[in-house]
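Source file: final04.csv. Holds: CSV, C-alpha atoms.
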```csv
chain,number,residue,atom,x,y,z
Z,1,MET,CA,-236.4,-122.0,51.7
Z,2,PHE,CA,-239.3,-120.3,50.1
Z,3,GLY,CA,-238.7,-117.2,47.9
Z,4,LEU,CA,-240.3,-113.9,48.4
Z,5,PRO,CA,-243.9,-113.5,47.3
Z,6,ILE,CA,-242.8,-110.8,44.8
Z,7,PRO,CA,-239.3,-111.1,43.3
Z,8,ILE,CA,-238.3,-107.6,44.5
Z,9,VAL,CA,-234.5,-108.1,44.4
Z,10,SER,CA,-234.8,-109.4,40.8
Z,11,TRP,CA,-236.9,-106.4,39.8
Z,12,ILE,CA,-234.5,-103.9,41.3
Z,13,ILE,CA,-231.5,-105.5,39.5
Z,14,TYR,CA,-233.3,-105.9,36.2
Z,15,TYR,CA,-235.1,-102.6,36.0
Z,16,GLY,CA,-232.4,-100.6,37.8
Z,17,ILE,CA,-229.7,-101.6,35.3
Z,18,SER,CA,-232.1,-101.4,32.4
Z,19,PHE,CA,-232.9,-97.8,33.4
Z,20,ILE,CA,-229.2,-96.9,33.4
Z,21,ILE,CA,-228.7,-98.5,30.0
Z,22,LEU,CA,-231.8,-96.6,28.7
Z,23,ALA,CA,-230.3,-93.4,30.1
Z,24,MET,CA,-227.0,-94.1,28.3
Z,25,PHE,CA,-228.9,-94.5,25.0
Z,26,ALA,CA,-230.9,-91.3,25.6
Z,27,ARG,CA,-227.7,-89.4,26.3
Z,28,ALA,CA,-226.0,-90.8,23.2
Z,29,ILE,CA,-228.9,-89.8,21.0
Z,30,LEU,CA,-229.0,-86.3,22.6
Z,31,SER,CA,-225.3,-85.9,21.9
Z,32,TRP,CA,-226.0,-86.6,18.2
Z,33,PHE,CA,-228.2,-83.5,18.1
Z,34,ARG,CA,-225.6,-81.4,20.0
Z,35,ILE,CA,-227.9,-80.8,23.0
Z,36,ASP,CA,-225.5,-79.8,25.7
Z,37,GLU,CA,-225.7,-79.7,29.5
Z,38,ARG,CA,-227.6,-76.4,29.7
Z,39,TYR,CA,-230.7,-78.5,30.1
Z,40,ALA,CA,-231.5,-80.1,33.4
Z,41,PHE,CA,-232.5,-83.4,31.8
Z,42,VAL,CA,-229.2,-83.7,30.1
Z,43,ARG,CA,-227.3,-82.9,33.3
Z,44,PHE,CA,-229.4,-85.6,35.1
Z,45,LEU,CA,-228.5,-88.1,32.4
Z,46,ALA,CA,-224.8,-87.2,32.7
Z,47,ARG,CA,-224.8,-87.5,36.5
Z,48,LEU,CA,-226.5,-90.9,36.2
Z,49,THR,CA,-224.4,-92.4,33.4
Z,50,ASP,CA,-220.9,-90.8,34.0
Z,51,PRO,CA,-220.0,-93.1,36.9
Z,52,PHE,CA,-220.4,-96.1,34.4
Z,53,ILE,CA,-218.8,-94.5,31.3
Z,54,ASP,CA,-215.9,-92.4,32.7
Z,55,PRO,CA,-213.9,-95.3,34.1
Z,56,VAL,CA,-214.1,-97.1,30.8
Z,57,ARG,CA,-213.3,-93.8,29.0
Z,58,ARG,CA,-210.0,-93.5,31.0
Z,59,ILE,CA,-208.9,-96.9,29.7
Z,60,VAL,CA,-210.3,-96.8,26.1
Z,61,PRO,CA,-209.8,-93.4,24.4
Z,62,PRO,CA,-212.4,-92.3,21.7
Z,63,MET,CA,-211.7,-93.6,18.2
Z,64,GLY,CA,-212.6,-90.7,15.9
Z,65,VAL,CA,-216.3,-89.9,16.2
Z,66,ILE,CA,-217.2,-93.3,17.8
Z,67,ASP,CA,-217.1,-93.4,21.6
Z,68,MET,CA,-216.1,-97.0,22.3
Z,69,ALA,CA,-216.5,-96.4,26.1
Z,70,PHE,CA,-220.3,-96.2,25.7
Z,71,ILE,CA,-220.4,-99.6,23.8
Z,72,ILE,CA,-218.1,-101.3,26.3
Z,73,ALA,CA,-220.0,-99.8,29.3
Z,74,PHE,CA,-223.2,-101.1,27.8
Z,75,PHE,CA,-221.9,-104.6,27.4
Z,76,LEU,CA,-220.3,-104.6,30.9
Z,77,LEU,CA,-223.6,-103.4,32.5
Z,78,ARG,CA,-225.6,-106.0,30.5
Z,79,THR,CA,-223.2,-108.8,31.5
Z,80,MET,CA,-223.4,-107.7,35.2
Z,81,GLN,CA,-227.2,-107.7,35.0
Z,82,ILE,CA,-227.3,-111.2,33.6
Z,83,LEU,CA,-224.7,-112.6,36.1
Z,84,LEU,CA,-226.5,-111.0,39.1
Z,85,LEU,CA,-229.9,-112.3,38.0
Z,86,GLN,CA,-228.5,-115.8,37.4
Z,87,GLY,CA,-226.8,-115.7,40.8
Z,88,LEU,CA,-230.0,-115.0,42.7
Z,89,PRO,CA,-232.1,-117.9,44.2
Z,90,PRO,CA,-235.3,-118.6,42.4
Z,91,GLY,CA,-238.1,-116.2,43.5
Z,92,TRP,CA,-235.9,-113.5,44.7
```

Encoded form using structure tokens:
Amino acid sequence: MFGLPIPIVSWIIYYGISFIILAMFARAILSWFRIDERYAFVRFLARLTDPFIDPVRRIVPPMGVIDMAFIIAFFLLRTMQILLLQGLPPGW
């Protein structure tokens, strides 16, 4: 069977998960500067990233000032991205 002319599904998986990871990094950097949720952009980042970080945060509590949930969520999202892309047929 022939693949799609443009690999739309691959792009959605790759760029969608990459956007979430980028939002997690932006939120982490903004938290270093103590920018809170008064700003709409920070609230948007929180609503986008909380569904991925909060379940990990319930299992792994913060260790001092280092939030291990962010690091674990990053690796889980990246692993999921790689596995989903490898599972797709070529050209999808």

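Across Z:Leu83, Z:Trp92, Z:Trp32, Z:Arg78, the tightest approach to Ile66 (chain Z) is made by Z:Trp32 when counting all atoms listed in the file.
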
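The two atoms in question, CA of Pro61 (chain Z) and CA of Phe25 (chain Z), are spaced 19.1 Å apart.
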
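Here CA of Pro7 (chain Z) stands at a distance of 5.2 Å from CA of Gly91 (chain Z).
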
Query raised in the report: Got a sec: who's within 12 Å of Ile59 (chain Z), counting all atoms listed in the file, leaving out chain neighbours fewer than 5 positions off, as a ChimeraX atom specification?
Result: /Z:53-54,68-69,72-73

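The spacing separating CA of Ile13 (chain Z) from CA of Thr79 (chain Z) amounts to 12.0 Å.
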
Report summary line: Between Z:Ala40, Z:Arg47, Z:Arg57, Z:Asp67, smallest distance to Ala23 (chain Z) by all atoms listed in the file belongs to Z:Arg47

Query raised in the report: What would the list of residues within 12 Å of (-229.3, -89.1, 24.7) (file frame) look like as JSON, numbers by chain, if all atoms listed in the file are what count?
Result: {"Z": [20, 21, 22, 23, 24, 25, 26, 27, 28, 29, 30, 31, 32, 33, 34, 35, 36, 37, 39, 41, 42, 43, 44, 45, 46, 48, 49, 70]}

Query raised in the report: Which one is closest to Pro90 (chain Z): Z:Ser10, Z:Ile17, Z:Val65, Z:Leu77? Count only C-alpha atoms.
Result: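 Selected residue with least distance to Pro90 (chain Z): Z:Ser10.
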
Could you give me the axis-aligned bounding box of region 75-91 of chain Z, with 6 Å of padding per side, as centre plus edge lengths in Å to one decimal, as lines of an AutoDock Vina configuration file?
```
center_x = -229.2
center_y = -111.0
center_z = 35.8
size_x = 29.8
size_y = 27.2
size_z = 28.8
```

Query - Pick from Z:Gly64, Z:Phe75, Z:Arg38, Z:Pro89 nearest to Phe52 (chain Z), counting all atoms listed in the file - result: Z:Phe75
